[in-house]
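Working notes, structure below.
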Amino acid sequence: ISELFGLRAEGLLGQVNPVAARSKLSGMIIGQELNQTKDLWSNTNVALLGAPQIVDVYKLAIDSLGGETFVVSADEVTLKGLQIAASTI
């Protein structure tokens, strides 16, 4: 948590560019999330589905921690779900 306060202080003092601060904060949050949930993803192949920008970040993070990932197209999954729903009407 001290890193979060440090980042906040850097922002208040104008010592960090806002875009860099957002990226750093995002990395801190994702790192904490993955650390807290490692038992859920560390022994399995994780499907990543979502906006390409965030999927890329999660893929890099999980892969760098020794996890295995594969990316699923959100558009393809959404379309397939709609097709299945439509076929039941």
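If you're wondering about the labels, chains in the structure tokens are A, B, ... by order shown, residues count from 1 in each chain, ligands from 1 in order shown.
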
(request) Find the residues around region 71-84 of chain A up to 9 Å (only C-alpha atoms counted), leave out those fewer than 5 positions away in its own chain, and share them as a PyMOL selection string. (result) chain A and resi 46-52+55-56+59

(request) For each of A:Gln53, A:Ser42, A:Thr88, A:Gln36, take the minimum atom-to-atom distance to Thr69 (chain A), counting only C-alpha atoms, then give the residue where this is smallest. (result) A:Ser42

(message) I'd like to know which of A:Asn45, A:Gly6, A:Val16, A:Ala61 is closest to Ile30 (chain A), using only C-alpha atoms.
(response)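 Ranking A:Asn45, A:Gly6, A:Val16, A:Ala61 by distance to Ile30 (chain A), first place goes to A:Ala61.
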
(message) Just checking: using only C-alpha atoms, which residue out of A:Glu68, A:Ser87, A:Asn35, A:Ser26 ends up closest to Ile54 (chain A)?
(response)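 Closest to Ile54 (chain A), using only C-alpha atoms: A:Ser26.
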